[in-house]
Amino acid sequence: MDLYLDTANVDEIREIVQWGVLDGVTTNPSLMAKEKGDYKKLLKEICDIVKGPVSGEVLSLNADEMVREARDLSQISEYIVIKIPCTVDGLKATKVLAREGIKVNMTLVFSPNQALLAAKSGAAYVSPFVGRLDDIGNPGIEIVNDILTIYRNYNFKTKIIFASVRHPEHVRQAALLGVDICTIPYKVFIQLIKHSLTDVGIARFLEDWKKKID
Ligand code: G3P
């Protein structure tokens, strides 16, 4: 499973890149709005750090405008993937962009049928928002499981990004399901490496070493 950071913060991205486990980054307008500076410059900086797929989202809602924005964003870097919301206009735009070889990450996906349409329109990635489904009492993991089955049934090549991750348990569930990618907020990412028994074990080894008999 590829691991992405769900952030637009370059300090967070630089830190996890150093761990040697980061495959890509996903942003959205809410995450970009938290950072200073120009939208395109920030995406370029993120691409240069990650050197892997970086999703940047369009702000338009109209298909023609989405296509125009996507073409513009795709000039930023070879690593740019265009996030397009799962709407009728989003499908129309995705069809055009896919034909041009521009990779689309269809976002704000909350049902298996939306994911089916995303794949048929030519999206390279689909992002079911698991945490937001959980928030309304609709188990997100069941939706992801259905999407996996549908894509396997028809051999769709669209990659599934397990998104809207809230806690490490979501990452475990994503890996057990066998999705292609899990995109993880920084605060959850740093929780993945931590275990109290690891800390206790290190402390005990060092204590014991101090008692070494010469
Ligand atoms: O990648 C999807 C993500 O940005 C949405 O997460 O936490 O706002 O539901 P969240």
# chains A, B, ... in the order shown; residues from 1 in each chain; ligands from 1
>>> closest_atom_pairs(of="chain A", to="ligand 1", cutoff="7 Å", atoms="only C-alpha atoms and all ligand atoms", output="JSON lines")
{"residue": "A:Asp6", "atom": "CA", "partner": "ligand 1", "partner_atom_place_in_ligand_line": "1 (O)", "distance": 5.6}
{"residue": "A:Thr26", "atom": "CA", "partner": "ligand 1", "partner_atom_place_in_ligand_line": "1 (O)", "distance": 5.9}
{"residue": "A:Thr27", "atom": "CA", "partner": "ligand 1", "partner_atom_place_in_ligand_line": "4 (O)", "distance": 6.3}
{"residue": "A:Asn28", "atom": "CA", "partner": "ligand 1", "partner_atom_place_in_ligand_line": "4 (O)", "distance": 5.9}
{"residue": "A:Phe129", "atom": "CA", "partner": "ligand 1", "partner_atom_place_in_ligand_line": "2 (C)", "distance": 6.1}
{"residue": "A:Gly131", "atom": "CA", "partner": "ligand 1", "partner_atom_place_in_ligand_line": "9 (O)", "distance": 5.7}
{"residue": "A:Arg132", "atom": "CA", "partner": "ligand 1", "partner_atom_place_in_ligand_line": "9 (O)", "distance": 5.1}
{"residue": "A:Ala163", "atom": "CA", "partner": "ligand 1", "partner_atom_place_in_ligand_line": "1 (O)", "distance": 4.6}
{"residue": "A:Ser164", "atom": "CA", "partner": "ligand 1", "partner_atom_place_in_ligand_line": "6 (O)", "distance": 3.5}
{"residue": "A:Val165", "atom": "CA", "partner": "ligand 1", "partner_atom_place_in_ligand_line": "7 (O)", "distance": 6.2}
{"residue": "A:Arg166", "atom": "CA", "partner": "ligand 1", "partner_atom_place_in_ligand_line": "7 (O)", "distance": 6.5}
{"residue": "A:Thr183", "atom": "CA", "partner": "ligand 1", "partner_atom_place_in_ligand_line": "1 (O)", "distance": 6.2}
>>> write_last_selection(atoms="N, CA, C and O atoms", output="CSV table (one decimal), in the first residue's frame")
chain,number,residue,atom,x,y,z
A,6,ASP,N,-1.8,13.7,3.8
A,6,ASP,CA,-2.9,14.5,3.5
A,6,ASP,C,-2.7,15.9,4.2
A,6,ASP,O,-3.1,16.1,5.3
A,26,THR,N,-1.7,14.4,-0.8
A,26,THR,CA,-3.0,14.9,-1.3
A,26,THR,C,-3.2,16.2,-0.6
A,26,THR,O,-3.0,16.4,0.6
A,27,THR,N,-3.7,17.2,-1.4
A,27,THR,CA,-4.1,18.5,-0.8
A,27,THR,C,-5.6,18.7,-1.1
A,27,THR,O,-6.2,17.9,-1.9
A,28,ASN,N,-6.2,19.7,-0.5
A,28,ASN,CA,-7.5,20.1,-0.9
A,28,ASN,C,-7.6,21.6,-0.6
A,28,ASN,O,-6.7,22.1,0.1
A,129,PHE,N,-14.1,9.1,1.1
A,129,PHE,CA,-13.9,9.8,2.3
A,129,PHE,C,-14.4,9.0,3.5
A,129,PHE,O,-15.5,9.2,3.9
A,131,GLY,N,-13.6,8.8,6.8
A,131,GLY,CA,-13.9,9.4,8.1
A,131,GLY,C,-15.2,10.2,8.1
A,131,GLY,O,-16.0,10.2,9.1
A,132,ARG,N,-15.4,10.9,7.0
A,132,ARG,CA,-16.7,11.7,6.9
A,132,ARG,C,-17.9,10.8,6.9
A,132,ARG,O,-19.0,11.2,7.4
A,163,ALA,N,-9.3,7.8,2.0
A,163,ALA,CA,-9.1,9.2,2.4
A,163,ALA,C,-10.0,9.5,3.6
A,163,ALA,O,-10.9,8.8,4.0
A,164,SER,N,-9.7,10.7,4.2
A,164,SER,CA,-10.4,11.2,5.4
A,164,SER,C,-10.1,10.3,6.5
A,164,SER,O,-11.0,9.8,7.2
A,165,VAL,N,-8.8,10.0,6.7
A,165,VAL,CA,-8.4,9.2,7.8
A,165,VAL,C,-8.4,9.9,9.1
A,165,VAL,O,-8.0,11.1,9.2
A,166,ARG,N,-8.9,9.3,10.1
A,166,ARG,CA,-9.1,10.0,11.4
A,166,ARG,C,-8.1,9.4,12.5
A,166,ARG,O,-7.9,10.1,13.5
A,183,THR,N,-4.2,7.9,2.4
A,183,THR,CA,-3.7,9.2,2.6
A,183,THR,C,-4.0,9.7,4.0
A,183,THR,O,-5.1,9.6,4.5
>>> residues_around(residues="segment 189-197 of chain A", least_positions_apart="6", cutoff="10 Å", atoms="only C-alpha atoms", output="MDAnalysis selection string")
chainID A and resid 3:6 12 15:16 165 167:169 171:172 183 203
>>> residues_around(residues="Lys44 of chain A", least_positions_apart="2", cutoff="12 Å", atoms="only C-alpha atoms", output="VMD selection string")
chain A and resid 8 10 37 to 42 46 to 56 73 to 81
>>> residues_around(residues="segment 159-162 of chain A", least_positions_apart="2", cutoff="10 Å", atoms="only C-alpha atoms", output="ChimeraX atom specification")
/A:1-4,26,105-107,115,119,123-131,140-141,144,147-148,151,156-157,164-165,170-171,173-175,177-184
>>> residues_around(residues="Ala70 of chain A", least_positions_apart="4", cutoff="12 Å", atoms="only C-alpha atoms", output="PyMOL selection string")
chain A and resi 40+55-66+74-76+80-84+90+93-94+96-98+100-105
>>> select_by_dssp(residues="segment 3-145 of chain A", states="strand (DSSP E or B)", output="list in words")
Leu3, Tyr4, Leu5, Asp6, Gly24, Val25, Thr26, Val54, Ser55, Gly56, Glu57, Ile80, Val81, Ile82, Lys83, Ile84, Pro85, Val104, Asn105, Met106, Thr107, Leu108, Val109, Tyr125, Val126, Ser127, Pro128 and Phe129 of chain A
>>> select_by_dssp(residues="segment 24-123 of chain A", states="helix (DSSP H, G or I)", output="number ranges by chain")
A: 29-33, 39-50, 63-74, 88-99, 112-121
>>> write_last_selection(atoms="N, CA and C atoms", output="short mmCIF file (atom, residue, chain, number, x, y, z; two decimals), in the first residue's frame")
data_model
loop_
_atom_site.label_atom_id
_atom_site.label_comp_id
_atom_site.auth_asym_id
_atom_site.auth_seq_id
_atom_site.Cartn_x
_atom_site.Cartn_y
_atom_site.Cartn_z
N PRO A 29 -8.65 22.31 -1.04
CA PRO A 29 -8.69 23.77 -0.80
C PRO A 29 -8.65 24.13 0.68
N SER A 30 -9.23 23.32 1.55
CA SER A 30 -9.20 23.62 2.99
C SER A 30 -7.77 23.54 3.52
N LEU A 31 -7.03 22.52 3.09
CA LEU A 31 -5.64 22.36 3.55
C LEU A 31 -4.76 23.45 2.96
N MET A 32 -4.96 23.79 1.69
CA MET A 32 -4.14 24.83 1.04
C MET A 32 -4.40 26.19 1.70
N ALA A 33 -5.64 26.43 2.12
CA ALA A 33 -6.01 27.72 2.72
C ALA A 33 -5.31 27.96 4.05
N TYR A 39 -1.08 29.64 -4.57
CA TYR A 39 -1.58 28.26 -4.74
C TYR A 39 -0.64 27.41 -5.60
N LYS A 40 -0.31 27.93 -6.79
CA LYS A 40 0.51 27.14 -7.72
C LYS A 40 1.95 26.99 -7.24
N LYS A 41 2.48 28.08 -6.62
CA LYS A 41 3.86 28.00 -6.12
C LYS A 41 3.97 26.96 -5.02
N LEU A 42 2.95 26.91 -4.17
CA LEU A 42 2.97 25.94 -3.07
C LEU A 42 2.90 24.51 -3.62
N LEU A 43 2.03 24.30 -4.61
CA LEU A 43 1.95 22.95 -5.20
C LEU A 43 3.28 22.55 -5.84
N LYS A 44 3.94 23.52 -6.48
CA LYS A 44 5.25 23.25 -7.12
C LYS A 44 6.28 22.86 -6.05
N GLU A 45 6.26 23.60 -4.94
CA GLU A 45 7.21 23.31 -3.85
C GLU A 45 6.97 21.90 -3.30
N ILE A 46 5.70 21.56 -3.13
CA ILE A 46 5.37 20.23 -2.60
C ILE A 46 5.84 19.14 -3.59
N CYS A 47 5.60 19.35 -4.88
CA CYS A 47 6.03 18.37 -5.90
C CYS A 47 7.54 18.18 -5.86
N ASP A 48 8.27 19.29 -5.72
CA ASP A 48 9.74 19.21 -5.72
C ASP A 48 10.25 18.45 -4.50
N ILE A 49 9.54 18.53 -3.39
CA ILE A 49 9.96 17.81 -2.17
C ILE A 49 9.60 16.32 -2.28
N VAL A 50 8.38 16.05 -2.74
CA VAL A 50 7.85 14.67 -2.69
C VAL A 50 8.39 13.80 -3.83
N ALA A 63 -17.76 22.24 -15.81
CA ALA A 63 -16.86 21.30 -16.49
C ALA A 63 -15.78 22.01 -17.32
N ASP A 64 -16.20 22.98 -18.13
CA ASP A 64 -15.22 23.66 -18.99
C ASP A 64 -14.17 24.38 -18.16
N GLU A 65 -14.64 25.01 -17.08
CA GLU A 65 -13.71 25.73 -16.20
C GLU A 65 -12.77 24.76 -15.48
N MET A 66 -13.32 23.61 -15.08
CA MET A 66 -12.49 22.58 -14.43
C MET A 66 -11.37 22.14 -15.38
N VAL A 67 -11.72 21.93 -16.62
CA VAL A 67 -10.74 21.47 -17.62
C VAL A 67 -9.66 22.53 -17.79
N ARG A 68 -10.09 23.79 -17.89
CA ARG A 68 -9.13 24.88 -18.07
C ARG A 68 -8.17 24.95 -16.87
N GLU A 69 -8.77 24.88 -15.66
CA GLU A 69 -7.96 24.94 -14.43
C GLU A 69 -7.00 23.75 -14.34
N ALA A 70 -7.53 22.58 -14.70
CA ALA A 70 -6.72 21.35 -14.61
C ALA A 70 -5.54 21.40 -15.57
N ARG A 71 -5.79 21.90 -16.78
CA ARG A 71 -4.69 22.01 -17.77
C ARG A 71 -3.61 22.93 -17.23
N ASP A 72 -4.05 24.02 -16.60
CA ASP A 72 -3.11 25.00 -16.05
C ASP A 72 -2.30 24.37 -14.89
N LEU A 73 -3.00 23.73 -13.97
CA LEU A 73 -2.31 23.11 -12.82
C LEU A 73 -1.36 22.01 -13.27
N SER A 74 -1.75 21.29 -14.32
CA SER A 74 -0.91 20.16 -14.75
C SER A 74 0.43 20.60 -15.32
N VAL A 88 -21.63 15.70 -11.83
CA VAL A 88 -21.83 15.50 -13.28
C VAL A 88 -20.77 16.28 -14.05
N ASP A 89 -20.56 17.55 -13.66
CA ASP A 89 -19.52 18.34 -14.33
C ASP A 89 -18.14 17.72 -14.13
N GLY A 90 -17.93 17.16 -12.94
CA GLY A 90 -16.66 16.50 -12.64
C GLY A 90 -16.42 15.32 -13.57
N LEU A 91 -17.47 14.54 -13.83
CA LEU A 91 -17.34 13.39 -14.76
C LEU A 91 -17.00 13.88 -16.16
N LYS A 92 -17.73 14.92 -16.60
CA LYS A 92 -17.49 15.45 -17.96
C LYS A 92 -16.04 15.93 -18.11
N ALA A 93 -15.58 16.64 -17.09
CA ALA A 93 -14.21 17.17 -17.13
C ALA A 93 -13.20 16.04 -17.11
N THR A 94 -13.46 15.03 -16.29
CA THR A 94 -12.53 13.90 -16.16
C THR A 94 -12.37 13.17 -17.48
N LYS A 95 -13.49 13.00 -18.19
CA LYS A 95 -13.44 12.31 -19.48
C LYS A 95 -12.49 13.05 -20.45
N VAL A 96 -12.63 14.37 -20.48
CA VAL A 96 -11.77 15.18 -21.38
C VAL A 96 -10.31 15.08 -20.94
N LEU A 97 -10.08 15.25 -19.63
CA LEU A 97 -8.70 15.28 -19.11
C LEU A 97 -8.02 13.92 -19.28
N ALA A 98 -8.77 12.84 -19.04
CA ALA A 98 -8.19 11.49 -19.17
C ALA A 98 -7.71 11.26 -20.60
N ARG A 99 -8.49 11.73 -21.56
CA ARG A 99 -8.09 11.58 -22.98
C ARG A 99 -6.81 12.34 -23.29
N PRO A 112 -20.44 3.53 -3.54
CA PRO A 112 -19.87 2.66 -4.57
C PRO A 112 -20.28 3.07 -5.97
N ASN A 113 -21.52 3.56 -6.13
CA ASN A 113 -21.96 3.97 -7.47
C ASN A 113 -21.18 5.19 -7.97
N GLN A 114 -20.89 6.13 -7.08
CA GLN A 114 -20.05 7.26 -7.48
C GLN A 114 -18.68 6.76 -7.94
N ALA A 115 -18.14 5.78 -7.21
CA ALA A 115 -16.82 5.24 -7.56
C ALA A 115 -16.87 4.51 -8.90
N LEU A 116 -17.98 3.83 -9.18
CA LEU A 116 -18.16 3.14 -10.47
C LEU A 116 -18.11 4.17 -11.61
N LEU A 117 -18.84 5.27 -11.42
CA LEU A 117 -18.86 6.31 -12.46
C LEU A 117 -17.49 6.98 -12.61
N ALA A 118 -16.82 7.17 -11.48
CA ALA A 118 -15.48 7.79 -11.53
C ALA A 118 -14.55 6.93 -12.39
N ALA A 119 -14.59 5.62 -12.17
CA ALA A 119 -13.72 4.71 -12.93
C ALA A 119 -14.09 4.74 -14.41
N LYS A 120 -15.40 4.72 -14.70
CA LYS A 120 -15.82 4.71 -16.11
C LYS A 120 -15.47 6.00 -16.84
N SER A 121 -15.40 7.10 -16.09
CA SER A 121 -15.06 8.39 -16.73
C SER A 121 -13.57 8.50 -17.03
#
>>> closest_residue(among="A:Asp199, A:Leu206, A:Gly20, A:Phe110", to="Ile136 of chain A", atoms="only C-alpha atoms")
A:Phe110
>>> atom_distance(atom1="atom CA of Pro185 of chain A", atom2="atom CA of Pro85 of chain A")
19.8 Å
>>> closest_residue(among="A:Thr158, A:Val200, A:Asp214, A:Leu108", to="Gly122 of chain A", atoms="only C-alpha atoms")
A:Thr158
